[in-house]
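Peer 1: This is entry11.cif, which holds mmCIF, C-alpha atoms and all ligand atoms:
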data_model
#
loop_
_atom_site.group_PDB
_atom_site.id
_atom_site.type_symbol
_atom_site.label_atom_id
_atom_site.label_comp_id
_atom_site.auth_asym_id
_atom_site.auth_seq_id
_atom_site.Cartn_x
_atom_site.Cartn_y
_atom_site.Cartn_z
ATOM 1 C CA MET A 1162 18.130 -1.518 1.165
ATOM 2 C CA GLY A 1163 15.335 1.012 0.860
ATOM 3 C CA ASP A 1164 16.876 3.409 -1.644
ATOM 4 C CA SER A 1165 19.339 1.128 -3.384
ATOM 5 C CA LEU A 1166 18.737 -0.811 -6.533
ATOM 6 C CA GLN A 1167 20.624 -3.881 -5.334
ATOM 7 C CA PHE A 1168 19.125 -7.223 -6.137
ATOM 8 C CA ARG A 1169 20.012 -10.890 -6.311
ATOM 9 C CA PRO A 1170 18.840 -12.252 -9.662
ATOM 10 C CA VAL A 1171 18.052 -15.937 -10.063
ATOM 11 C CA ASN A 1172 17.011 -17.877 -13.133
ATOM 12 C CA THR A 1173 13.461 -18.808 -12.243
ATOM 13 C CA GLU A 1174 10.435 -16.554 -12.303
ATOM 14 C CA ASN A 1175 9.063 -15.948 -8.833
ATOM 15 C CA ASN A 1176 5.533 -14.759 -8.994
ATOM 16 C CA ALA A 1177 4.511 -15.607 -5.449
ATOM 17 C CA SER A 1178 2.604 -12.843 -3.753
ATOM 18 C CA PRO A 1179 3.941 -11.714 -0.372
ATOM 19 C CA THR A 1180 0.569 -12.767 0.892
ATOM 20 C CA ASP A 1181 1.434 -16.323 -0.123
ATOM 21 C CA LEU A 1182 4.565 -16.368 1.989
ATOM 22 C CA PRO A 1183 4.565 -17.821 5.481
ATOM 23 C CA ALA A 1184 3.779 -15.361 8.242
ATOM 24 C CA VAL A 1185 6.914 -13.885 9.770
ATOM 25 C CA ASP A 1186 7.300 -13.300 13.462
ATOM 26 C CA ALA A 1187 8.468 -9.852 14.463
ATOM 27 C CA PRO A 1188 12.072 -9.611 15.690
ATOM 28 C CA ALA A 1189 12.271 -9.687 19.485
ATOM 29 C CA SER A 1190 13.869 -6.225 19.574
ATOM 30 C CA GLU A 1191 10.799 -4.800 17.868
ATOM 31 C CA THR A 1192 8.141 -6.686 19.780
ATOM 32 C CA ALA A 1193 9.709 -5.433 23.007
ATOM 33 C CA ALA A 1194 9.334 -1.806 21.967
ATOM 34 C CA GLN A 1195 6.459 0.098 23.522
ATOM 35 C CA ALA A 1196 4.874 2.932 21.567
ATOM 36 C CA PRO A 1197 3.090 5.791 23.316
ATOM 37 C CA ALA A 1198 -0.637 5.462 22.622
ATOM 38 C CA HIS A 1199 -0.752 8.551 20.374
ATOM 39 C CA VAL A 1200 2.155 7.542 18.143
ATOM 40 C CA ALA A 1201 1.485 5.224 15.206
ATOM 41 C CA HIS A 1202 4.494 3.317 13.974
ATOM 42 C CA PRO A 1203 7.397 4.826 15.905
ATOM 43 C CA LYS A 1204 10.739 3.940 14.356
ATOM 44 C CA THR A 1205 11.034 0.693 16.308
ATOM 45 C CA ILE A 1206 7.625 -0.698 15.310
ATOM 46 C CA LYS A 1207 7.278 -1.289 11.585
ATOM 47 C CA SER A 1208 4.148 -2.379 9.743
ATOM 48 C CA TYR A 1209 6.241 -4.896 7.793
ATOM 49 C CA VAL A 1210 9.066 -7.370 8.148
ATOM 50 C CA LYS A 1211 11.538 -7.609 5.287
ATOM 51 C CA ARG A 1212 10.766 -11.040 3.833
ATOM 52 C CA ALA A 1213 13.124 -13.409 2.119
ATOM 53 C CA GLY A 1214 12.480 -13.529 -1.574
ATOM 54 C CA ARG A 1215 14.597 -13.675 -4.661
ATOM 55 C CA THR A 1216 14.535 -11.242 -7.514
ATOM 56 C CA THR A 1217 14.160 -13.093 -10.806
ATOM 57 C CA THR A 1218 16.193 -12.417 -13.904
ATOM 58 C CA GLY A 1219 13.140 -10.776 -15.501
ATOM 59 C CA GLN A 1220 12.666 -8.517 -12.514
ATOM 60 C CA ALA A 1221 16.396 -7.713 -12.437
ATOM 61 C CA LYS A 1222 16.249 -6.676 -16.077
ATOM 62 C CA ALA A 1223 13.221 -4.497 -15.312
ATOM 63 C CA PHE A 1224 15.220 -2.828 -12.499
ATOM 64 C CA GLU A 1225 17.996 -2.080 -14.964
ATOM 65 C CA ASP A 1226 15.864 -0.975 -17.894
ATOM 66 C CA LEU A 1227 12.976 0.778 -16.174
ATOM 67 C CA GLY A 1228 14.312 1.627 -12.705
ATOM 68 C CA PRO A 1229 15.908 4.903 -13.793
ATOM 69 C CA LYS A 1230 12.552 6.225 -15.062
ATOM 70 C CA PHE A 1231 10.015 4.717 -12.682
ATOM 71 C CA LEU A 1232 11.852 4.445 -9.332
ATOM 72 C CA LEU A 1233 11.921 7.592 -7.228
ATOM 73 C CA LYS A 1234 14.595 8.092 -4.606
ATOM 74 C CA TYR A 1235 13.464 8.516 -1.046
ATOM 75 C CA ALA A 1236 14.541 11.928 0.246
ATOM 76 C CA PRO A 1237 13.206 13.714 3.325
ATOM 77 C CA GLN A 1238 11.932 16.687 1.335
ATOM 78 C CA PRO A 1239 8.566 17.478 -0.281
ATOM 79 C CA LEU A 1240 7.913 15.531 -3.471
ATOM 80 C CA ASP A 1241 7.379 17.553 -6.649
ATOM 81 C CA ALA A 1242 4.708 15.258 -8.107
ATOM 82 C CA GLN A 1243 4.405 17.130 -11.370
ATOM 83 C CA ALA A 1244 8.129 16.776 -11.991
ATOM 84 C CA ALA A 1245 8.126 13.129 -10.870
ATOM 85 C CA PHE A 1246 5.351 12.166 -13.319
ATOM 86 C CA GLY A 1247 6.188 14.710 -15.986
ATOM 87 C CA ARG A 1248 2.605 15.898 -16.055
ATOM 88 C CA GLU A 1249 -0.276 17.082 -13.900
ATOM 89 C CA GLY A 1250 -2.899 14.632 -12.718
ATOM 90 C CA LYS A 1251 -4.739 13.388 -9.673
ATOM 91 C CA LEU A 1252 -2.247 11.893 -7.241
ATOM 92 C CA ILE A 1253 -3.092 8.525 -5.684
ATOM 93 C CA LEU A 1254 -0.821 6.960 -3.040
ATOM 94 C CA GLU A 1255 -0.708 3.166 -2.716
ATOM 95 C CA ILE A 1256 0.800 1.622 0.395
ATOM 96 C CA GLY A 1257 2.133 -1.932 0.084
ATOM 97 C CA PHE A 1258 1.431 -3.076 -3.494
ATOM 98 C CA GLY A 1259 2.938 -6.548 -3.039
ATOM 99 C CA MET A 1260 3.626 -7.927 -6.529
ATOM 100 C CA GLY A 1261 1.733 -5.033 -8.152
ATOM 101 C CA GLU A 1262 -1.022 -7.009 -9.873
ATOM 102 C CA ALA A 1263 -3.845 -4.702 -8.756
ATOM 103 C CA THR A 1264 -1.638 -1.615 -9.088
ATOM 104 C CA ALA A 1265 -0.901 -2.227 -12.769
ATOM 105 C CA HIS A 1266 -4.538 -2.992 -13.511
ATOM 106 C CA ILE A 1267 -5.749 0.202 -11.842
ATOM 107 C CA ALA A 1268 -3.117 2.325 -13.578
ATOM 108 C CA ARG A 1269 -4.261 0.843 -16.890
ATOM 109 C CA VAL A 1270 -7.957 1.545 -16.349
ATOM 110 C CA ARG A 1271 -7.311 5.025 -14.932
ATOM 111 C CA PRO A 1272 -4.761 6.455 -17.387
ATOM 112 C CA ASP A 1273 -5.386 10.079 -16.391
ATOM 113 C CA ASP A 1274 -4.403 9.547 -12.744
ATOM 114 C CA ASN A 1275 -0.857 9.413 -11.317
ATOM 115 C CA PHE A 1276 -0.054 6.527 -8.945
ATOM 116 C CA LEU A 1277 2.695 6.911 -6.342
ATOM 117 C CA CYS A 1278 3.323 3.411 -5.045
ATOM 118 C CA CYS A 1279 5.313 2.386 -1.956
ATOM 119 C CA GLU A 1280 6.582 -1.115 -1.257
ATOM 120 C CA VAL A 1281 9.551 -2.436 0.715
ATOM 121 C CA HIS A 1282 9.583 -5.977 -0.743
ATOM 122 C CA GLU A 1283 12.264 -5.871 -3.445
ATOM 123 C CA PRO A 1284 10.956 -8.697 -5.656
ATOM 124 C CA GLY A 1285 7.572 -6.952 -5.541
ATOM 125 C CA VAL A 1286 9.153 -3.743 -6.812
ATOM 126 C CA GLY A 1287 10.835 -5.729 -9.591
ATOM 127 C CA ALA A 1288 7.537 -7.411 -10.435
ATOM 128 C CA LEU A 1289 5.719 -4.086 -10.755
ATOM 129 C CA LEU A 1290 8.510 -2.652 -12.905
ATOM 130 C CA LYS A 1291 8.157 -5.699 -15.140
ATOM 131 C CA ARG A 1292 4.398 -5.131 -15.444
ATOM 132 C CA ILE A 1293 5.012 -1.456 -16.244
ATOM 133 C CA GLY A 1294 7.195 -2.565 -19.151
ATOM 134 C CA GLU A 1295 4.857 -5.308 -20.366
ATOM 135 C CA GLN A 1296 1.738 -3.148 -20.155
ATOM 136 C CA GLU A 1297 3.443 0.077 -21.271
ATOM 137 C CA LEU A 1298 2.195 2.014 -18.263
ATOM 138 C CA ALA A 1299 3.350 5.605 -17.917
ATOM 139 C CA ASN A 1300 1.430 6.729 -14.831
ATOM 140 C CA ILE A 1301 3.168 4.834 -12.005
ATOM 141 C CA ARG A 1302 6.162 5.913 -9.917
ATOM 142 C CA ILE A 1303 7.603 3.620 -7.245
ATOM 143 C CA LEU A 1304 9.222 4.408 -3.931
ATOM 144 C CA GLN A 1305 10.977 1.353 -2.492
ATOM 145 C CA HIS A 1306 10.714 2.661 1.021
ATOM 146 C CA ASP A 1307 8.635 2.588 4.200
ATOM 147 C CA ALA A 1308 5.406 4.428 3.305
ATOM 148 C CA VAL A 1309 5.159 5.785 6.846
ATOM 149 C CA GLU A 1310 8.409 7.716 6.331
ATOM 150 C CA VAL A 1311 7.356 8.773 2.838
ATOM 151 C CA ILE A 1312 4.157 10.256 4.260
ATOM 152 C CA ASP A 1313 6.010 11.908 7.138
ATOM 153 C CA HIS A 1314 8.754 13.490 5.069
ATOM 154 C CA MET A 1315 7.770 13.677 1.396
ATOM 155 C CA LEU A 1316 4.033 14.330 1.219
ATOM 156 C CA PRO A 1317 2.750 17.759 2.221
ATOM 157 C CA GLU A 1318 -0.703 18.265 3.690
ATOM 158 C CA GLY A 1319 -3.582 18.140 1.221
ATOM 159 C CA CYS A 1320 -1.518 16.819 -1.697
ATOM 160 C CA LEU A 1321 -3.368 13.521 -2.347
ATOM 161 C CA ASP A 1322 -6.589 12.794 -4.223
ATOM 162 C CA GLY A 1323 -6.753 9.217 -3.005
ATOM 163 C CA ILE A 1324 -5.046 6.501 -0.963
ATOM 164 C CA HIS A 1325 -5.155 2.745 -1.650
ATOM 165 C CA ILE A 1326 -4.295 0.203 1.044
ATOM 166 C CA PHE A 1327 -5.213 -3.242 -0.237
ATOM 167 C CA PHE A 1328 -4.830 -6.296 1.962
ATOM 168 C CA PRO A 1329 -2.372 -4.736 4.418
ATOM 169 C CA ASP A 1330 -0.539 -7.269 6.579
ATOM 170 C CA PRO A 1331 -3.206 -8.396 9.068
ATOM 171 C CA TRP A 1332 -0.766 -9.134 11.903
ATOM 172 C CA HIS A 1333 -3.064 -11.835 13.249
ATOM 173 C CA LYS A 1334 -1.475 -12.360 16.683
ATOM 174 C CA LYS A 1335 -2.745 -10.039 19.376
ATOM 175 C CA LYS A 1336 0.793 -9.116 20.452
ATOM 176 C CA HIS A 1337 1.471 -7.944 16.875
ATOM 177 C CA ASN A 1338 -1.770 -5.988 16.349
ATOM 178 C CA LYS A 1339 0.162 -2.774 17.103
ATOM 179 C CA ARG A 1340 1.944 -3.220 13.750
ATOM 180 C CA ARG A 1341 -1.273 -2.861 11.785
ATOM 181 C CA LEU A 1342 -1.297 0.183 9.527
ATOM 182 C CA ILE A 1343 -4.887 1.170 10.189
ATOM 183 C CA GLN A 1344 -4.759 2.764 13.641
ATOM 184 C CA SER A 1345 -6.106 6.156 14.691
ATOM 185 C CA PRO A 1346 -2.866 8.189 14.790
ATOM 186 C CA PHE A 1347 -1.753 6.947 11.381
ATOM 187 C CA VAL A 1348 -5.211 7.422 9.860
ATOM 188 C CA ALA A 1349 -5.256 11.029 11.137
ATOM 189 C CA LYS A 1350 -1.940 11.534 9.356
ATOM 190 C CA LEU A 1351 -3.266 9.976 6.153
ATOM 191 C CA VAL A 1352 -6.337 12.194 6.258
ATOM 192 C CA SER A 1353 -4.169 15.299 6.655
ATOM 193 C CA ARG A 1354 -2.440 14.423 3.354
ATOM 194 C CA LEU A 1355 -5.784 14.083 1.514
ATOM 195 C CA LYS A 1356 -7.452 16.993 -0.234
ATOM 196 C CA PRO A 1357 -10.996 17.708 0.934
ATOM 197 C CA GLY A 1358 -13.109 15.249 -1.081
ATOM 198 C CA GLY A 1359 -10.150 12.887 -1.472
ATOM 199 C CA TYR A 1360 -10.741 9.226 -0.651
ATOM 200 C CA LEU A 1361 -9.183 6.444 1.409
ATOM 201 C CA HIS A 1362 -9.865 2.943 0.080
ATOM 202 C CA CYS A 1363 -8.877 -0.050 2.204
ATOM 203 C CA ALA A 1364 -9.587 -3.725 1.590
ATOM 204 C CA THR A 1365 -8.923 -6.777 3.709
ATOM 205 C CA ASP A 1366 -9.825 -10.446 3.861
ATOM 206 C CA TRP A 1367 -9.351 -10.685 7.640
ATOM 207 C CA GLN A 1368 -12.626 -9.964 9.387
ATOM 208 C CA PRO A 1369 -11.201 -8.758 12.728
ATOM 209 C CA TYR A 1370 -9.044 -6.279 10.808
ATOM 210 C CA ALA A 1371 -12.055 -5.196 8.709
ATOM 211 C CA GLU A 1372 -13.903 -4.490 11.961
ATOM 212 C CA GLN A 1373 -10.926 -2.524 13.301
ATOM 213 C CA MET A 1374 -10.754 -0.540 10.045
ATOM 214 C CA LEU A 1375 -14.447 0.282 10.212
ATOM 215 C CA GLU A 1376 -14.165 1.387 13.834
ATOM 216 C CA VAL A 1377 -11.043 3.511 13.329
ATOM 217 C CA LEU A 1378 -12.163 5.149 10.076
ATOM 218 C CA SER A 1379 -15.659 5.852 11.403
ATOM 219 C CA ALA A 1380 -14.167 7.518 14.483
ATOM 220 C CA GLU A 1381 -12.072 9.942 12.404
ATOM 221 C CA ALA A 1382 -14.016 13.208 12.374
ATOM 222 C CA GLN A 1383 -12.543 14.328 9.038
ATOM 223 C CA LEU A 1384 -13.772 11.208 7.229
ATOM 224 C CA ALA A 1385 -17.225 10.277 5.960
ATOM 225 C CA ASN A 1386 -18.152 6.746 4.985
ATOM 226 C CA THR A 1387 -19.313 6.425 1.359
ATOM 227 C CA ALA A 1388 -21.200 3.220 2.236
ATOM 228 C CA THR A 1389 -24.319 4.902 3.593
ATOM 229 C CA ASP A 1390 -26.848 2.237 2.641
ATOM 230 C CA ALA A 1391 -27.912 0.566 5.910
ATOM 231 C CA GLY A 1392 -27.815 -2.856 4.254
ATOM 232 C CA LEU A 1393 -24.060 -2.528 3.648
ATOM 233 C CA ALA A 1394 -23.215 -2.377 7.389
ATOM 234 C CA GLY A 1395 -20.541 0.240 6.652
ATOM 235 C CA TYR A 1396 -18.644 -1.806 4.050
ATOM 236 C CA ALA A 1397 -18.516 -0.545 0.456
ATOM 237 C CA PRO A 1398 -19.265 -2.490 -2.713
ATOM 238 C CA LYS A 1399 -15.941 -3.262 -4.429
ATOM 239 C CA PRO A 1400 -15.196 -0.278 -6.690
ATOM 240 C CA ASP A 1401 -14.891 -1.324 -10.361
ATOM 241 C CA TYR A 1402 -11.289 -0.173 -10.635
ATOM 242 C CA ARG A 1403 -10.049 -2.674 -8.010
ATOM 243 C CA PRO A 1404 -9.555 -6.032 -9.740
ATOM 244 C CA LEU A 1405 -10.015 -9.444 -8.178
ATOM 245 C CA THR A 1406 -6.420 -10.631 -7.947
ATOM 246 C CA LYS A 1407 -5.310 -14.272 -8.166
ATOM 247 C CA PHE A 1408 -4.839 -14.274 -4.413
ATOM 248 C CA GLU A 1409 -8.293 -12.850 -3.749
ATOM 249 C CA ASN A 1410 -9.997 -15.194 -6.195
ATOM 250 C CA ARG A 1411 -8.421 -18.177 -4.463
ATOM 251 C CA GLY A 1412 -9.680 -16.914 -1.105
ATOM 252 C CA LEU A 1413 -13.171 -16.333 -2.448
ATOM 253 C CA ARG A 1414 -13.208 -19.885 -3.863
ATOM 254 C CA LEU A 1415 -12.346 -21.118 -0.360
ATOM 255 C CA GLY A 1416 -15.317 -19.191 0.999
ATOM 256 C CA HIS A 1417 -13.333 -16.361 2.632
ATOM 257 C CA GLY A 1418 -14.862 -12.890 2.816
ATOM 258 C CA VAL A 1419 -13.391 -9.631 1.525
ATOM 259 C CA TRP A 1420 -14.294 -6.228 2.903
ATOM 260 C CA ASP A 1421 -13.802 -2.894 1.080
ATOM 261 C CA LEU A 1422 -13.967 0.386 2.972
ATOM 262 C CA VAL A 1423 -14.145 3.684 1.079
ATOM 263 C CA PHE A 1424 -14.163 6.901 3.087
ATOM 264 C CA GLN A 1425 -13.903 10.508 1.903
ATOM 265 C CA ARG A 1426 -12.286 13.485 3.543
ATOM 266 C CA VAL A 1427 -15.015 15.936 4.368
ATOM 267 C CA ALA A 1428 -14.882 19.399 2.799
ATOM 268 C CA ALA A 1429 -12.888 21.921 4.852
HETATM 269 C C1 LIG B 1 -0.159 -8.653 2.619
HETATM 270 S S1 LIG B 1 0.755 -7.767 1.411
HETATM 271 C C2 LIG B 1 -0.510 -7.235 0.275
HETATM 272 C C3 LIG B 1 0.060 -6.823 -1.021
HETATM 273 C C4 LIG B 1 -0.921 -6.296 -2.069
HETATM 274 N N1 LIG B 1 -1.541 -5.041 -1.672
HETATM 275 C C5 LIG B 1 -1.952 -7.322 -2.429
HETATM 276 O O1 LIG B 1 -3.146 -7.021 -2.311
HETATM 277 O O2 LIG B 1 -1.584 -8.431 -2.821
HETATM 278 C C6 LIG B 1 1.156 -6.265 2.265
HETATM 279 C C7 LIG B 1 2.337 -5.568 1.620
HETATM 280 O O3 LIG B 1 2.517 -4.318 2.243
HETATM 281 C C8 LIG B 1 3.896 -4.044 2.322
HETATM 282 N N2 LIG B 1 4.079 -3.049 3.398
HETATM 283 C C9 LIG B 1 3.689 -3.170 4.692
HETATM 284 N N3 LIG B 1 3.980 -2.069 5.381
HETATM 285 C C10 LIG B 1 4.567 -1.209 4.486
HETATM 286 C C11 LIG B 1 5.095 0.102 4.615
HETATM 287 N N4 LIG B 1 5.091 0.755 5.789
HETATM 288 N N5 LIG B 1 5.636 0.678 3.525
HETATM 289 C C12 LIG B 1 5.648 0.029 2.333
HETATM 290 N N6 LIG B 1 5.164 -1.231 2.151
HETATM 291 C C13 LIG B 1 4.627 -1.836 3.227
HETATM 292 C C14 LIG B 1 4.525 -5.397 2.605
HETATM 293 O O4 LIG B 1 5.875 -5.438 2.201
HETATM 294 C C15 LIG B 1 3.651 -6.326 1.767
HETATM 295 O O5 LIG B 1 4.196 -6.541 0.484
#
Turn this file's structure into structure tokens for me.
Ligand SMILES: C[S@@+](CC[C@H](N)C(=O)[O-])C[C@H]1O[C@@H](n2cnc3c(N)ncnc32)[C@H](O)[C@@H]1O

Peer 2:
Amino acid sequence: MGDSLQFRPVNTENNASPTDLPAVDAPASETAAQAPAHVAHPKTIKSYVKRAGRTTTGQAKAFEDLGPKFLLKYAPQPLDAQAAFGREGKLILEIGFGMGEATAHIARVRPDDNFLCCEVHEPGVGALLKRIGEQELANIRILQHDAVEVIDHMLPEGCLDGIHIFFPDPWHKKKHNKRRLIQSPFVAKLVSRLKPGGYLHCATDWQPYAEQMLEVLSAEAQLANTATDAGLAGYAPKPDYRPLTKFENRGLRLGHGVWDLVFQRVAA
């Protein structure tokens, strides 16, 4: 499905966030796979499971009308970002934008930056395309593909000014922890794609994952934590550009915590 524009339109609007959907167990074939310790996300272990979800008529129309301009095709060759966006600008990668609520907001408040956004959930891609149309956003391009492969095959070293990973799947069960995105080998790869001074911004509402993020990012020699105030315990104040989404607001009302982590690649 990754590169195709196929969808199954229905007549009702489906605005559920992937985070609202029931947790999905990993297929047995994948849970059985063993990755060598130094390899993050080998082909058999994905950081996502393709979820059921229907593309609405509005999203289907957005695919048709806006897909040709805003969807990039996955191809295992270096991305020409200037050609893809039709202009120069800082390049920010987002991994897993869900329904694109935060993505659209950030693109709106940072019009000078270019946002390259990866998501595998088709209704989510449709939802972001719809927002692009409604909000007349020009600075987003979408890759409906596994971000791990995009990073491996399309993004050269030192090409990114920033990386956003907001509320990545927490993979709560211990046996599924290996599917989490934020692990040392993958973080090393992310850092290699950042320019010196570029930033990595992660957020999560799952405390054990926040602790894992803090440990892994702090251990990466090429990264420096921007949250240097001792009172912050390593977690950053929420940057202004990241909005409180409906999902996050609901969690906060229920008394759940949210942790932001903002690290910078040290100068070469
Ligand atoms: C829990 S949701 C969070 C979505 C959104 N960032 C938010 O804050 O609402 C995580 C999303 O990441 C996507 N995802 C996970 N691994 C991915 C990968 N390797 N490439 C692209 N998308 C991925 C999933 O499909 C899912 O929509």

Peer 1: Once 8 Å is added on each side, what centre and edge lengths in Å to one decimal does the axis-aligned box around all listed atoms of ligand LIG 1 (chain B) have, as AutoDock Vina command-line options?

Peer 2:
--center_x 1.4 --center_y -3.9 --center_z 1.5 --size_x 25.0 --size_y 25.4 --size_z 24.6

Peer 1: Per residue of chain A within 6 Å of ligand LIG 1 (chain B), which atom pair is closest and at what distance in Å (one decimal), using all atoms listed in the file, listed by chain and increasing number, as a Markdown table?

Peer 2:
| residue | atom | partner | partner_atom | distance |
| --- | --- | --- | --- | --- |
| A:Pro1179 | CA | B:LIG1 | O5 | 5.2 |
| A:Thr1180 | CA | B:LIG1 | C1 | 4.5 |
| A:Ser1208 | CA | B:LIG1 | N3 | 4.4 |
| A:Tyr1209 | CA | B:LIG1 | N3 | 4.3 |
| A:Ile1256 | CA | B:LIG1 | C12 | 5.5 |
| A:Gly1257 | CA | B:LIG1 | O3 | 3.2 |
| A:Phe1258 | CA | B:LIG1 | N1 | 4.0 |
| A:Gly1259 | CA | B:LIG1 | C3 | 3.5 |
| A:Cys1279 | CA | B:LIG1 | C12 | 4.9 |
| A:Glu1280 | CA | B:LIG1 | N6 | 3.7 |
| A:Val1281 | CA | B:LIG1 | N6 | 4.8 |
| A:His1282 | CA | B:LIG1 | O4 | 4.8 |
| A:His1306 | CA | B:LIG1 | C12 | 5.9 |
| A:Asp1307 | CA | B:LIG1 | N5 | 3.6 |
| A:Ala1308 | CA | B:LIG1 | N5 | 3.8 |
| A:Val1309 | CA | B:LIG1 | N4 | 5.1 |
| A:Phe1327 | CA | B:LIG1 | N1 | 4.3 |
| A:Phe1328 | CA | B:LIG1 | O1 | 4.6 |
| A:Pro1329 | CA | B:LIG1 | C6 | 4.4 |
| A:Asp1330 | CA | B:LIG1 | C1 | 4.2 |

Peer 1: For each of A:Phe1276, A:Tyr1396, A:Phe1231, A:Phe1246, take the minimum atom-to-atom distance to Thr1365 of chain A, counting all atoms listed in the file, then give the residue where this is smallest.

Peer 2: A:Tyr1396

Peer 1: Please report, as CSV, each residue of segment 1258-1294 of chain A lying at most 8 Å from segment 1402-1425 of chain A, together with the nearest pair of atoms and the separation in Å rounded to one decimal; use all atoms listed in the file, and order rows by chain and ascending residue number.

Peer 2:
residue,atom,partner,partner_atom,distance
A:Glu1262,CA,A:Thr1406,CA,6.8
A:Ala1263,CA,A:Pro1404,CA,5.9
A:His1266,CA,A:Pro1404,CA,7.0
A:Ile1267,CA,A:Tyr1402,CA,5.7
A:Val1270,CA,A:Tyr1402,CA,6.8
A:Arg1271,CA,A:Tyr1402,CA,7.8

Peer 1: Mind dumping the selected residues with C-alpha atoms as a JSON list (two decimals), keeping the file's coordinate frame?

Peer 2:
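Result file follows (selection-v2.json):
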[["chain", "number", "residue", "atom", "x", "y", "z"],
["A", 1262, "GLU", "CA", -1.02, -7.01, -9.87],
["A", 1263, "ALA", "CA", -3.84, -4.70, -8.76],
["A", 1266, "HIS", "CA", -4.54, -2.99, -13.51],
["A", 1267, "ILE", "CA", -5.75, 0.20, -11.84],
["A", 1270, "VAL", "CA", -7.96, 1.54, -16.35],
["A", 1271, "ARG", "CA", -7.31, 5.03, -14.93]]

Peer 1: Counting only C-alpha atoms, which of A:Arg1302, A:Arg1212, A:His1314, A:Lys1339 gets nearest to Arg1354 of chain A?

Peer 2: A:His1314

Peer 1: Report as a list in words all protein, DNA and RNA residues lying within 12 Å of Lys1335 of chain A, evaluated on only C-alpha atoms, omitting residues in the same chain fewer than 5 positions from it.

Peer 2: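 Final neighbour list, sorted by chain and number: Thr1192, Arg1340, Arg1341, Pro1369 and Tyr1370 of chain A.
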
Peer 1: I need the chosen residues saved as an mmCIF file, in the frame of the given file, with C-alpha atoms.

Peer 2:
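The resulting file, result05.cif, is reproduced below:
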data_model
loop_
_atom_site.group_PDB
_atom_site.id
_atom_site.type_symbol
_atom_site.label_atom_id
_atom_site.label_comp_id
_atom_site.auth_asym_id
_atom_site.auth_seq_id
_atom_site.Cartn_x
_atom_site.Cartn_y
_atom_site.Cartn_z
ATOM 1 C CA THR A 1192 8.141 -6.686 19.780
ATOM 2 C CA ARG A 1340 1.944 -3.220 13.750
ATOM 3 C CA ARG A 1341 -1.273 -2.861 11.785
ATOM 4 C CA PRO A 1369 -11.201 -8.758 12.728
ATOM 5 C CA TYR A 1370 -9.044 -6.279 10.808
#

Peer 1: With distances taken over only C-alpha atoms, which of A:Ala1236, A:Met1260, A:Ile1301, A:Leu1254 is nearest to Leu1351 of chain A?

Peer 2: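 The answer is A:Leu1254, which sits nearest to Leu1351 of chain A.
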
Peer 1: Quote the spacing between atom CA of Lys1251 of chain A and atom CA of Cys1363 of chain A in Å to one decimal place.

Peer 2: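 Going from atom CA of Lys1251 of chain A over to atom CA of Cys1363 of chain A covers 18.4 Å.
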
Peer 1: When you look at Asp1226 of chain A with a cut-off of 12 Å (counting all atoms listed in the file), what residues show up, excluding the ones that are within fewer than 2 positions of it in the same chain? I need them as a PyMOL selection string.

Peer 2: chain A and resi 1166+1219-1224+1228-1232+1287+1290-1291+1293-1294

Peer 1: Would you fill the gaps in segment 1289-1299 of chain A so it has N, CA and C atoms, then print it as a PDB file, keeping the file's coordinate frame?

Peer 2:
ATOM      1  N   LEU A1289       6.533  -5.198 -10.231  1.00  0.00           N
ATOM      2  CA  LEU A1289       5.719  -4.086 -10.755  1.00  0.00           C
ATOM      3  C   LEU A1289       6.446  -3.395 -11.910  1.00  0.00           C
ATOM      4  N   LEU A1290       7.760  -3.250 -11.788  1.00  0.00           N
ATOM      5  CA  LEU A1290       8.510  -2.652 -12.905  1.00  0.00           C
ATOM      6  C   LEU A1290       8.323  -3.483 -14.170  1.00  0.00           C
ATOM      7  N   LYS A1291       8.339  -4.808 -13.985  1.00  0.00           N
ATOM      8  CA  LYS A1291       8.157  -5.699 -15.140  1.00  0.00           C
ATOM      9  C   LYS A1291       6.773  -5.481 -15.762  1.00  0.00           C
ATOM     10  N   ARG A1292       5.768  -5.368 -14.920  1.00  0.00           N
ATOM     11  CA  ARG A1292       4.398  -5.131 -15.444  1.00  0.00           C
ATOM     12  C   ARG A1292       4.336  -3.785 -16.164  1.00  0.00           C
ATOM     13  N   ILE A1293       5.003  -2.784 -15.602  1.00  0.00           N
ATOM     14  CA  ILE A1293       5.012  -1.456 -16.244  1.00  0.00           C
ATOM     15  C   ILE A1293       5.544  -1.578 -17.674  1.00  0.00           C
ATOM     16  N   GLY A1294       6.615  -2.366 -17.823  1.00  0.00           N
ATOM     17  CA  GLY A1294       7.195  -2.565 -19.151  1.00  0.00           C
ATOM     18  C   GLY A1294       6.249  -3.343 -20.055  1.00  0.00           C
ATOM     19  N   GLU A1295       5.713  -4.449 -19.537  1.00  0.00           N
ATOM     20  CA  GLU A1295       4.857  -5.308 -20.366  1.00  0.00           C
ATOM     21  C   GLU A1295       3.582  -4.589 -20.794  1.00  0.00           C
ATOM     22  N   GLN A1296       3.037  -3.779 -19.873  1.00  0.00           N
ATOM     23  CA  GLN A1296       1.738  -3.148 -20.155  1.00  0.00           C
ATOM     24  C   GLN A1296       1.887  -1.698 -20.628  1.00  0.00           C
ATOM     25  N   GLU A1297       3.136  -1.279 -20.779  1.00  0.00           N
ATOM     26  CA  GLU A1297       3.443   0.077 -21.271  1.00  0.00           C
ATOM     27  C   GLU A1297       2.697   1.139 -20.465  1.00  0.00           C
ATOM     28  N   LEU A1298       2.869   1.064 -19.157  1.00  0.00           N
ATOM     29  CA  LEU A1298       2.195   2.014 -18.263  1.00  0.00           C
ATOM     30  C   LEU A1298       3.105   3.212 -18.027  1.00  0.00           C
ATOM     31  N   ALA A1299       2.532   4.398 -18.086  1.00  0.00           N
ATOM     32  CA  ALA A1299       3.350   5.605 -17.917  1.00  0.00           C
ATOM     33  C   ALA A1299       3.015   6.341 -16.627  1.00  0.00           C
TER      34      ALA A1299
END
